[in-house]
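See structure below.
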Amino acid sequence: MMFSGCVMFRSTTLHMVDRVTYLSVPPVHAPTTRLTFFSPSSPFLFKLKPTSLFTSSSSFFALTSPPRSTMLHHDPLVSDIYATAISAIVALSLLRLWQETAKRGIFDQKLNRKLVHISIGLMFMLCWPLFSTGNMAAFFAALIPGVNIIRMIVTGLGIVKDEATVKSMSRFGDYRELLKGPLYYAATITLASIIYWRTSPISIAAICNLCAGDGMADIVGRRFGGEKIPYNKDKSYAGSIAMASAGFLASIGYMWYFSSFGYIEGSWKLVLSFLLVSIGTAFVESLPISTELDDNLTVPLTSILLGTVIF
């Protein structure tokens, strides 16, 4: 009996101790998670990052983390060489795709030309995070559109015959057209890479308004541009609205994209600045002088000038 009582007393005591211990330990809450795409520590995949329920940053577009010095190799020079090769393959593959669609007549020639116009520059910017943070990275990146400048010059002068390129990039199939719009286009992306690079919103605004904005203006304007602007019968309200909207939305997308790598810090103020630049650029594009010169010249120049003042 005494032994049985001791066992019961011991069991009760242990149960009470366990209960007290359980109640005294603070509850463990599972951390909330935030989905972060293209993290610098995991460049090509996304991962879940633990974070508090309320972030300390007042900006929805705040920097997630500092950029990595290299992404493809521990040596910056080797990493930049790899990045240049990958970017060139991507750009050439895309150009080859549009050359084939032009040759086969899959799209109308004007539409095919605008698809080239929209996609090449934006796709090239997607490759910018592949390059290192070294001083030569921007020059390595600029090699790709820089080579395209040479192609436009030698083809536009008739030194080299390239019917596929002429058909996919010219309005009327004249090789001399490559010395105007396509040349300005390649020069804009080259200079944006060297001078402003991925740490400046000016490069984002210039390329996005040139590629997405000007490209969509033509596509939408041709289909829905029945109502013309009074001061320029070659431009429509629908085309100008499409240009401002597409340029602005593309700029916001790339602001978020580069801020996710830590190259710039996005904010609502920057969003408003992009909106003002896109609206101003669309207005200049609608002026008769823009038609007389070339949209591929006036659009990036306006974006750079406005961006220098506003950003």
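Quick note on naming: the chains in the structure tokens go A, B, ... in the order shown, residues restart at 1 in each chain, and ligands are numbered from 1 in order of appearance.
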
Picked from range 43-194 of chain A by DSSP as helix (DSSP H, G or I), as a ChimeraX atom specification: /A:76-104,109-126,128-130,137-156,163-169,175-179,181-194

Wanna dump the range 149-245 of chain A-range 80-95 of chain A contacts at 10 Å for me, each residue with its shortest atom pair and the distance in Å to one decimal, counting only C-alpha atoms, ordered by chain and number, as CSV?
```
residue,atom,partner,partner_atom,distance
A:Ala164,CA,A:Leu95,CA,9.8
A:Thr165,CA,A:Leu95,CA,8.5
A:Ser168,CA,A:Leu95,CA,8.8
A:Met169,CA,A:Leu95,CA,10.0
```

Each range 181-241 of chain A residue no farther than 10 Å from range 264-268 of chain A, nearest pair in Å, only C-alpha atoms, as CSV:
```
residue,atom,partner,partner_atom,distance
A:Arg198,CA,A:Ile264,CA,7.7
A:Thr199,CA,A:Ile264,CA,5.4
A:Ser200,CA,A:Ile264,CA,7.1
A:Pro201,CA,A:Ile264,CA,7.8
```

From the set A:Leu272, A:Arg223, A:Met216, A:Phe107, which residue has the shortest atom-to-atom contact distance to Ser245 in chain A, counting only C-alpha atoms?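 Closest candidate: A:Met216.
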
Taking the DSSP assignment computed from this structure's backbone, write out as a PDB file with N, CA and C atoms, in the first residue's frame all residues of range 165-233 of chain A that belong to strand (DSSP E or B).
```
ATOM      1  N   LYS A 228      -8.011  61.570 -84.184  1.00  0.00           N
ATOM      2  CA  LYS A 228      -6.669  62.127 -84.265  1.00  0.00           C
ATOM      3  C   LYS A 228      -6.502  63.323 -83.335  1.00  0.00           C
ATOM      4  N   ILE A 229      -5.235  63.580 -82.983  1.00  0.00           N
ATOM      5  CA  ILE A 229      -4.903  64.739 -82.171  1.00  0.00           C
ATOM      6  C   ILE A 229      -4.956  65.985 -83.057  1.00  0.00           C
ATOM      7  N   ASN A 232      -1.664  67.260 -84.667  1.00  0.00           N
ATOM      8  CA  ASN A 232      -0.872  66.321 -85.465  1.00  0.00           C
ATOM      9  C   ASN A 232      -1.790  65.206 -85.964  1.00  0.00           C
ATOM     10  N   LYS A 233      -2.152  65.277 -87.218  1.00  0.00           N
ATOM     11  CA  LYS A 233      -3.082  64.313 -87.798  1.00  0.00           C
ATOM     12  C   LYS A 233      -2.478  62.925 -87.965  1.00  0.00           C
TER      13      LYS A 233
END
```
